[in-house]
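J.: Here you go, one structure.
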Amino acid sequence: METSLLFLALGSFFISFVLCVGIIISSRRFGVFIDSGTSHKPQRFHTQATPRAGGIGIFSAFALLILYAYFTQISLGINTQTLIILLGSGIIFASGLIEDFSGNLSPKVRLIMQCVAAFGVCAWLDVYLKDLSLGFILPYLIGLFFTTFALVGVSNAINIIDGFNGLASGVCLLILSGILYVAYDVKDMEIFYCALVLFFGILGFFVCNFPLGKIFLGDGGAYFLGFILGMLLVLLTQRHTESVSAFFGLSIMIYPVWEVVFSIWRKRFKRKMSATKPDKVHLHMLVFKRITHSNKNTSLILLFCNVPFVILSVCFYQHTWLLLAFCGIFALLYGYFYARLIRFGM
């Protein structure tokens with residue numbers, strides 16, 4: 001078992017790292033997957049043309065090793081359910097990769113692809129958020145639609161925070177660390193090994209992305225990571241309702257989730273604009289403009305601020321009301337510092 005564990009970890013890192021390096025080299029030579037350093041995108045904070053296809057490395061590492069574990073039957077808990085999740089994640093990954101490659105896939109089409117994939121996986125597997133640890137069970141259809149909404153929201157949340165080198169991937173590594181601990185603690189080996197493969201796949205990309213930003217995650221990578229993280233948390237909380245609170249998922253992912261919720265509120269009700277239209281005032285952008293003026297330091301500050309909430313979520317993963325309190329505290333702190341950055345420039 002230890003040998004298989006080491007093989008999965010190192011194999012995932014190696015595949016992801018080699019593919020990312022290959023993409024960096026081939027992008028320079030053939031000009032594919034390039035994000036221009038002179039574009040007028042509001043989210044752009046780089047000055048060099050950079051490939052935005054790091055998700056290919058992560059997705060490939062995850063897919064290949066999950067398929068290897070399944071077909072070789074090395075007793076890691078990987079089963080048909082995992083393959084169905086992999087299929088759904090592939091559709092969601094494609095919705096972003098097409099945009100990374102061509103830049104002309106409309107937000108509406110991407111959203112439809114993501115909704116169909118998320119709903120299909122949940123319905124096929126009969127896995128959805130039904131027990132919210134609040135003393136009642138959601139009806140089947142309401143649970144399915146709510147879970148689809150949550151998974152698509154999380155997919156887009158990771159994409160929204162993907163603004164600086166190592167930020168989105170670093171947040172995912174922190175979240176996966178928590179999932180690994182809790183999955184091991186409740187002895188759910190399928191989730192543990194999936195999280196392990198994903199962790200080292202992200203790490204293979206991370207060393208190419210942080211701090212120098214030689215390659216970016218891209219929409220495909222961000223959507224894929226958000227969906228897989230969300231799906232692992234749905235499985236973890238719904239399989240172990242007696243030991244893991246449903247709000248563990250929200251608490252450990254509170255930064256990206258609150259960023260997307262706050263962004264929708266800010267755009268729709270404060271700025272009277274479309275919620276899908278990008279702007280220049282996400283928290284990570286304000287930290288860069290007002291405080292650090294440094295790409296890597298912006299990521300480090302936000303990752304450092306996120307660590308306590310990940311640790312608290314893991315320490316109290318059974319306690320619903322404490323987890324809700326952590327989410328509330330995060331929202332209050334976020335609002336306070338956001339207001340300071342907007343109004344006074346610190």
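Labels for the structure tokens follow display order: chains A, B, ..., residues from 1 in each chain, ligands from 1.
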Neighbours of A:Thr237 within 8 Å (only C-alpha atoms; same-chain residues fewer than 3 positions away dropped), as a list in words?
T.: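 After dropping sequence-adjacent residues, the list is Leu233, Val234, His240, Thr241, Val244, Ser245, Ala246, Phe248 and Gly249 of chain A.
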J.: Please produce an output containing all heavy atoms for each residue in the selection, written as a CSV table (one decimal), in the first residue's frame.
T.:
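That gives us selection30.csv:
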chain,number,residue,atom,x,y,z
A,233,LEU,N,-15.8,17.2,-1.4
A,233,LEU,CA,-16.4,17.7,-0.2
A,233,LEU,C,-17.9,17.2,-0.1
A,233,LEU,O,-18.4,16.9,1.0
A,233,LEU,CB,-16.4,19.2,-0.1
A,233,LEU,CG,-15.0,19.7,0.2
A,233,LEU,CD1,-14.9,21.2,-0.1
A,233,LEU,CD2,-14.6,19.4,1.6
A,234,VAL,N,-18.6,17.2,-1.2
A,234,VAL,CA,-20.0,16.6,-1.2
A,234,VAL,C,-19.9,15.2,-0.7
A,234,VAL,O,-20.7,14.7,0.1
A,234,VAL,CB,-20.7,16.8,-2.6
A,234,VAL,CG1,-22.0,16.0,-2.6
A,234,VAL,CG2,-20.9,18.2,-2.9
A,240,HIS,N,-20.5,10.6,5.4
A,240,HIS,CA,-20.2,10.6,6.8
A,240,HIS,C,-20.9,11.6,7.6
A,240,HIS,O,-20.3,12.4,8.3
A,240,HIS,CB,-18.6,10.7,7.0
A,240,HIS,CG,-17.8,9.8,6.1
A,240,HIS,ND1,-17.6,8.5,6.5
A,240,HIS,CD2,-17.2,10.0,4.9
A,240,HIS,CE1,-16.8,7.9,5.5
A,240,HIS,NE2,-16.6,8.8,4.6
A,241,THR,N,-22.2,11.6,7.4
A,241,THR,CA,-23.1,12.6,8.1
A,241,THR,C,-23.0,12.6,9.6
A,241,THR,O,-23.2,13.6,10.2
A,241,THR,CB,-24.5,12.4,7.6
A,241,THR,OG1,-25.0,11.1,7.9
A,241,THR,CG2,-24.7,12.7,6.1
A,244,VAL,N,-18.9,14.1,10.0
A,244,VAL,CA,-18.4,15.3,9.3
A,244,VAL,C,-19.6,16.2,9.0
A,244,VAL,O,-20.6,15.8,8.3
A,244,VAL,CB,-17.7,15.0,7.9
A,244,VAL,CG1,-17.2,16.2,7.3
A,244,VAL,CG2,-16.6,13.9,8.2
A,245,SER,N,-19.6,17.5,9.5
A,245,SER,CA,-20.6,18.4,9.2
A,245,SER,C,-20.7,18.8,7.8
A,245,SER,O,-19.6,19.0,7.1
A,245,SER,CB,-20.4,19.7,10.1
A,245,SER,OG,-21.3,20.7,9.7
A,246,ALA,N,-21.9,19.0,7.2
A,246,ALA,CA,-22.0,19.5,5.9
A,246,ALA,C,-21.4,20.9,5.7
A,246,ALA,O,-21.0,21.2,4.6
A,246,ALA,CB,-23.5,19.6,5.5
A,248,PHE,N,-18.5,21.8,6.9
A,248,PHE,CA,-17.1,21.7,6.7
A,248,PHE,C,-16.7,22.1,5.3
A,248,PHE,O,-15.7,22.8,5.2
A,248,PHE,CB,-16.6,20.2,7.0
A,248,PHE,CG,-15.2,20.0,6.6
A,248,PHE,CD1,-14.2,20.6,7.3
A,248,PHE,CD2,-14.9,19.2,5.5
A,248,PHE,CE1,-12.8,20.4,7.0
A,248,PHE,CE2,-13.6,18.9,5.2
A,248,PHE,CZ,-12.5,19.5,5.9
A,249,GLY,N,-17.4,21.7,4.3
A,249,GLY,CA,-17.1,22.1,3.0
A,249,GLY,C,-17.1,23.6,2.8
A,249,GLY,O,-16.2,24.2,2.1
J.: With DSSP run on the backbone, what are the strand (DSSP E) residues within stretch 1-113 of chain A? I'd like them as a list of chain:residue names.
T.: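 Written out, the strand (DSSP E) residues of stretch 1-113 of chain A are A:Ile34, A:Asp35, A:Thr50, A:Pro51.
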J.: May I have the residues within 9 Å of A:Ala168 as a list in words, using only C-alpha atoms and disregarding those fewer than 3 positions away in the same chain?
T.: Ile158, Asn159, Ile160, Ile161, Asp162, Gly163, Phe164, Asn165, Val171, Cys172, Leu173, Leu217, Ala222, Pro256 and Ser299 of chain A
J.: Name all residues at most 10 Å from A:Cys122 (count only C-alpha atoms; drop same-chain ones fewer than 2 positions away) and give them as a VMD selection string.
T.: chain A and resid 84 to 85 88 117 to 120 124 to 129 143 to 145 147 to 148 151 231 234
J.: Which polymer residues have any atom within 12 Å of an atom of A:Ile91, counting only C-alpha atoms, with same-chain residues fewer than 4 positions away left out, as a PyMOL selection string?
T.: chain A and resi 59+84-87+95-98+110-121+220-221+223-224+227-228
J.: Mind dumping the selected residues with C-alpha atoms as a JSON list (two decimals), in the first residue's frame?
T.:
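Output file part_18.json follows:
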[["chain", "number", "residue", "atom", "x", "y", "z"],
["A", 59, "PHE", "CA", -6.04, 17.23, -15.31],
["A", 84, "ILE", "CA", -18.09, 8.98, -13.56],
["A", 85, "ILE", "CA", -16.81, 11.95, -11.56],
["A", 86, "LEU", "CA", -13.76, 12.00, -13.83],
["A", 87, "LEU", "CA", -16.02, 12.07, -16.89],
["A", 95, "SER", "CA", -15.59, 24.26, -21.01],
["A", 96, "GLY", "CA", -12.61, 26.28, -19.83],
["A", 97, "LEU", "CA", -9.95, 24.78, -22.08],
["A", 98, "ILE", "CA", -11.87, 25.76, -25.22],
["A", 110, "ARG", "CA", -19.61, 27.57, -20.49],
["A", 111, "LEU", "CA", -22.22, 27.81, -17.75],
["A", 112, "ILE", "CA", -24.55, 25.41, -19.57],
["A", 113, "MET", "CA", -21.75, 22.86, -20.03],
["A", 114, "GLN", "CA", -20.86, 23.08, -16.35],
["A", 115, "CYS", "CA", -24.47, 22.76, -15.19],
["A", 116, "VAL", "CA", -25.13, 19.74, -17.42],
["A", 117, "ALA", "CA", -21.94, 18.00, -16.23],
["A", 118, "ALA", "CA", -22.52, 18.71, -12.53],
["A", 119, "PHE", "CA", -26.21, 17.76, -12.62],
["A", 120, "GLY", "CA", -25.46, 14.64, -14.65],
["A", 121, "VAL", "CA", -22.80, 13.38, -12.23],
["A", 220, "GLY", "CA", -9.94, 24.97, -17.75],
["A", 221, "GLY", "CA", -7.67, 24.27, -14.81],
["A", 223, "TYR", "CA", -12.99, 25.11, -13.37],
["A", 224, "PHE", "CA", -11.66, 21.56, -13.04],
["A", 227, "PHE", "CA", -15.47, 21.06, -9.44],
["A", 228, "ILE", "CA", -13.27, 18.27, -8.07]]
J.: Given only C-alpha atoms, how would the per-residue table for stretch 231-305 of chain A near stretch 211-216 of chain A read, listing every residue at most 12 Å away with its closest atom pair and distance in Å to one decimal, sorted by chain and number, as CSV?
T.:
residue,atom,partner,partner_atom,distance
A:Ser294,CA,A:Pro211,CA,10.4
A:Asn295,CA,A:Pro211,CA,8.0
A:Lys296,CA,A:Pro211,CA,5.5
A:Asn297,CA,A:Pro211,CA,9.0
A:Thr298,CA,A:Pro211,CA,10.8
A:Ser299,CA,A:Pro211,CA,9.2
A:Leu300,CA,A:Pro211,CA,9.8
J.: Write out, as a PDB file, in the first residue's frame, the residues just selected, with C-alpha atoms.
T.:
ATOM      1  CA  SER A 294       4.078  42.537  -5.904  1.00  0.00           C
ATOM      2  CA  ASN A 295       2.538  39.521  -7.614  1.00  0.00           C
ATOM      3  CA  LYS A 296       4.031  36.850  -5.359  1.00  0.00           C
ATOM      4  CA  ASN A 297       3.600  38.849  -2.130  1.00  0.00           C
ATOM      5  CA  THR A 298      -0.086  39.357  -2.874  1.00  0.00           C
ATOM      6  CA  SER A 299      -0.532  35.590  -3.070  1.00  0.00           C
ATOM      7  CA  LEU A 300       1.528  34.995   0.063  1.00  0.00           C
TER       8      LEU A 300
END
J.: Residues of stretch 23-265 of chain A classed as helix (DSSP H, G or I) by DSSP on the backbone are to be reported as a PyMOL selection string.
T.: chain A and resi 23-30+54-72+80-102+107-125+140-160+167-185+189-209+218-239+247-252+254-265
J.: Show which residues sit within 9 Å of A:Phe200, as a list in words. Count only C-alpha atoms, and ignore same-chain residues fewer than 6 positions away.
T.: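 The filter keeps Leu8, Ala9, Leu10, Gly11, Ser12, Phe13, Phe14, Ser16, Ile58, Ala61 and Leu173 of chain A.
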J.: Could you write those residues out with N, CA, C and O atoms, as a short mmCIF file (atom, residue, chain, number, x, y, z; two decimals), in the first residue's frame?
T.:
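Output file selection-v1.cif is given in full below:
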data_model
loop_
_atom_site.label_atom_id
_atom_site.label_comp_id
_atom_site.auth_asym_id
_atom_site.auth_seq_id
_atom_site.Cartn_x
_atom_site.Cartn_y
_atom_site.Cartn_z
N LEU A 8 1.62 6.94 -6.69
CA LEU A 8 0.58 7.88 -7.07
C LEU A 8 1.04 9.32 -6.86
O LEU A 8 0.82 10.19 -7.71
N ALA A 9 1.65 9.58 -5.72
CA ALA A 9 2.08 10.94 -5.40
C ALA A 9 3.16 11.42 -6.36
O ALA A 9 3.04 12.47 -7.00
N LEU A 10 4.23 10.65 -6.48
CA LEU A 10 5.34 11.05 -7.34
C LEU A 10 4.94 11.03 -8.81
O LEU A 10 5.36 11.89 -9.60
N GLY A 11 4.14 10.05 -9.19
CA GLY A 11 3.68 9.97 -10.58
C GLY A 11 2.85 11.17 -10.95
O GLY A 11 3.00 11.73 -12.04
N SER A 12 1.95 11.59 -10.08
CA SER A 12 1.11 12.74 -10.35
C SER A 12 1.94 14.01 -10.48
O SER A 12 1.75 14.82 -11.40
N PHE A 13 2.88 14.18 -9.56
CA PHE A 13 3.76 15.36 -9.63
C PHE A 13 4.57 15.36 -10.92
O PHE A 13 4.66 16.38 -11.61
N PHE A 14 5.14 14.22 -11.26
CA PHE A 14 6.00 14.13 -12.44
C PHE A 14 5.23 14.42 -13.72
O PHE A 14 5.68 15.19 -14.57
N SER A 16 2.39 16.04 -14.15
CA SER A 16 1.96 17.43 -14.19
C SER A 16 3.12 18.36 -14.49
O SER A 16 3.02 19.26 -15.34
N ILE A 58 -2.38 19.32 -14.74
CA ILE A 58 -3.07 18.83 -13.55
C ILE A 58 -4.14 17.81 -13.92
O ILE A 58 -4.21 16.73 -13.32
N ALA A 61 -2.57 14.48 -15.18
CA ALA A 61 -2.00 13.69 -14.08
C ALA A 61 -3.09 13.00 -13.29
O ALA A 61 -3.00 11.81 -12.98
N LEU A 173 -4.32 23.78 -2.66
CA LEU A 173 -3.43 22.91 -1.90
C LEU A 173 -3.78 22.94 -0.41
O LEU A 173 -3.77 21.90 0.26
#
J.: Identify which of the residues A:Ile34, A:Tyr68, A:Ser155, A:Leu332 lies closest to A:Asp100, counting only C-alpha atoms when measuring atom-to-atom distances.
T.: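 Ranking A:Ile34, A:Tyr68, A:Ser155, A:Leu332 by distance to A:Asp100, first place goes to A:Ile34.
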J.: Pick out the residues sitting within 9 Å of A:Tyr338, and hand them over as a VMD selection string; count only C-alpha atoms, and ignore anything fewer than 2 positions along from it in its own chain.
T.: chain A and resid 282 to 283 286 to 287 333 to 336 340 to 343
J.: Okay, now the selection with all heavy atoms, as a compact mmCIF listing (two decimals), in the first residue's frame?
T.:
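The file below, out.txt, is the result:
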# COMPACT_ATOMS: atom_id res chain seq x y z
N HIS A 282 -11.59 43.08 -7.22
CA HIS A 282 -11.60 41.91 -6.36
C HIS A 282 -10.59 42.15 -5.23
O HIS A 282 -9.67 42.97 -5.36
CB HIS A 282 -11.21 40.66 -7.14
CG HIS A 282 -12.27 40.22 -8.10
ND1 HIS A 282 -13.46 39.68 -7.70
CD2 HIS A 282 -12.32 40.24 -9.47
CE1 HIS A 282 -14.20 39.38 -8.74
NE2 HIS A 282 -13.53 39.72 -9.83
N LEU A 283 -10.75 41.43 -4.14
CA LEU A 283 -9.87 41.64 -2.98
C LEU A 283 -8.41 41.49 -3.34
O LEU A 283 -7.56 42.31 -2.93
CB LEU A 283 -10.24 40.66 -1.87
CG LEU A 283 -9.38 40.75 -0.61
CD1 LEU A 283 -9.55 42.11 0.06
CD2 LEU A 283 -9.72 39.62 0.36
N LEU A 286 -7.08 44.55 -5.02
CA LEU A 286 -6.91 45.68 -4.11
C LEU A 286 -5.68 45.51 -3.22
O LEU A 286 -4.97 46.48 -2.94
CB LEU A 286 -8.16 45.84 -3.25
CG LEU A 286 -9.44 46.23 -3.99
CD1 LEU A 286 -10.62 46.29 -3.03
CD2 LEU A 286 -9.28 47.57 -4.70
N VAL A 287 -5.44 44.27 -2.78
CA VAL A 287 -4.23 44.01 -1.98
C VAL A 287 -2.98 44.34 -2.80
O VAL A 287 -2.03 44.95 -2.30
CB VAL A 287 -4.20 42.54 -1.50
CG1 VAL A 287 -2.85 42.19 -0.89
CG2 VAL A 287 -5.33 42.28 -0.50
N LEU A 333 -14.53 39.96 8.65
CA LEU A 333 -13.16 40.43 8.44
C LEU A 333 -12.92 40.83 6.99
O LEU A 333 -12.27 41.85 6.71
CB LEU A 333 -12.17 39.33 8.86
CG LEU A 333 -12.08 39.04 10.36
CD1 LEU A 333 -11.19 37.83 10.61
CD2 LEU A 333 -11.54 40.26 11.11
N TYR A 334 -13.45 40.03 6.08
CA TYR A 334 -13.34 40.34 4.65
C TYR A 334 -13.96 41.70 4.38
O TYR A 334 -13.36 42.56 3.72
CB TYR A 334 -14.03 39.25 3.84
CG TYR A 334 -13.97 39.44 2.34
CD1 TYR A 334 -13.12 38.66 1.57
CD2 TYR A 334 -14.77 40.38 1.69
CE1 TYR A 334 -13.06 38.81 0.18
CE2 TYR A 334 -14.72 40.55 0.32
CZ TYR A 334 -13.88 39.76 -0.43
OH TYR A 334 -13.83 39.94 -1.80
N GLY A 335 -15.19 41.90 4.85
CA GLY A 335 -15.88 43.16 4.61
C GLY A 335 -15.15 44.35 5.20
O GLY A 335 -15.06 45.42 4.57
N TYR A 336 -14.59 44.17 6.40
CA TYR A 336 -13.86 45.27 7.05
C TYR A 336 -12.63 45.68 6.24
O TYR A 336 -12.44 46.86 5.94
CB TYR A 336 -13.44 44.85 8.46
CG TYR A 336 -12.53 45.84 9.14
CD1 TYR A 336 -13.03 47.02 9.67
CD2 TYR A 336 -11.16 45.60 9.23
CE1 TYR A 336 -12.19 47.94 10.28
CE2 TYR A 336 -10.31 46.50 9.83
CZ TYR A 336 -10.83 47.68 10.36
OH TYR A 336 -9.99 48.59 10.95
N ARG A 340 -11.79 49.08 3.98
CA ARG A 340 -10.59 49.90 4.22
C ARG A 340 -9.78 50.09 2.94
O ARG A 340 -9.30 51.21 2.66
CB ARG A 340 -9.71 49.23 5.29
CG ARG A 340 -10.23 49.27 6.70
CD ARG A 340 -10.14 50.68 7.30
NE ARG A 340 -8.78 51.20 7.29
CZ ARG A 340 -7.87 50.99 8.23
NH1 ARG A 340 -8.21 50.25 9.30
NH2 ARG A 340 -6.67 51.50 8.15
N LEU A 341 -9.61 49.02 2.19
CA LEU A 341 -8.83 49.11 0.96
C LEU A 341 -9.52 50.01 -0.09
O LEU A 341 -8.86 50.76 -0.80
CB LEU A 341 -8.62 47.71 0.38
CG LEU A 341 -7.67 46.79 1.16
CD1 LEU A 341 -7.74 45.38 0.63
CD2 LEU A 341 -6.26 47.32 1.11
N ILE A 342 -10.82 49.92 -0.17
CA ILE A 342 -11.58 50.72 -1.14
C ILE A 342 -11.60 52.20 -0.75
O ILE A 342 -11.32 53.09 -1.57
CB ILE A 342 -13.02 50.20 -1.27
CG1 ILE A 342 -13.07 48.95 -2.15
CG2 ILE A 342 -13.96 51.27 -1.86
CD1 ILE A 342 -12.89 49.17 -3.62
N ARG A 343 -11.89 52.49 0.51
CA ARG A 343 -12.15 53.87 0.91
C ARG A 343 -10.88 54.66 1.26
O ARG A 343 -10.79 55.84 0.97
CB ARG A 343 -13.08 53.88 2.12
CG ARG A 343 -14.48 53.35 1.80
CD ARG A 343 -15.32 53.25 3.06
NE ARG A 343 -16.62 52.64 2.77
CZ ARG A 343 -17.50 52.33 3.70
NH1 ARG A 343 -17.25 52.58 4.98
NH2 ARG A 343 -18.63 51.76 3.36
J.: Any idea what the distance is between atom CA of A:Ala183 and atom CA of A:Leu203?
T.: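 Atom CA of A:Leu203 lies 19.6 Å from atom CA of A:Ala183.
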J.: Smallest atom-to-atom distance to A:Ser177: which of A:Val310, A:Ser102, A:Phe210, A:Tyr140, using only C-alpha atoms?
T.: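 Once distances to A:Ser177 are computed over only C-alpha atoms, the minimum belongs to A:Val310.
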J.: Looking at A:Ala49, A:Ser133, A:Val307, A:Tyr184, which one is nearest to A:Leu324, with distances taken over only C-alpha atoms?
T.: A:Ser133
J.: Using only C-alpha atoms, pick whichever of A:Ile92, A:Leu303, A:Val18, A:Leu323 has the shortest atom-to-atom distance to A:Leu225.
T.: A:Ile92
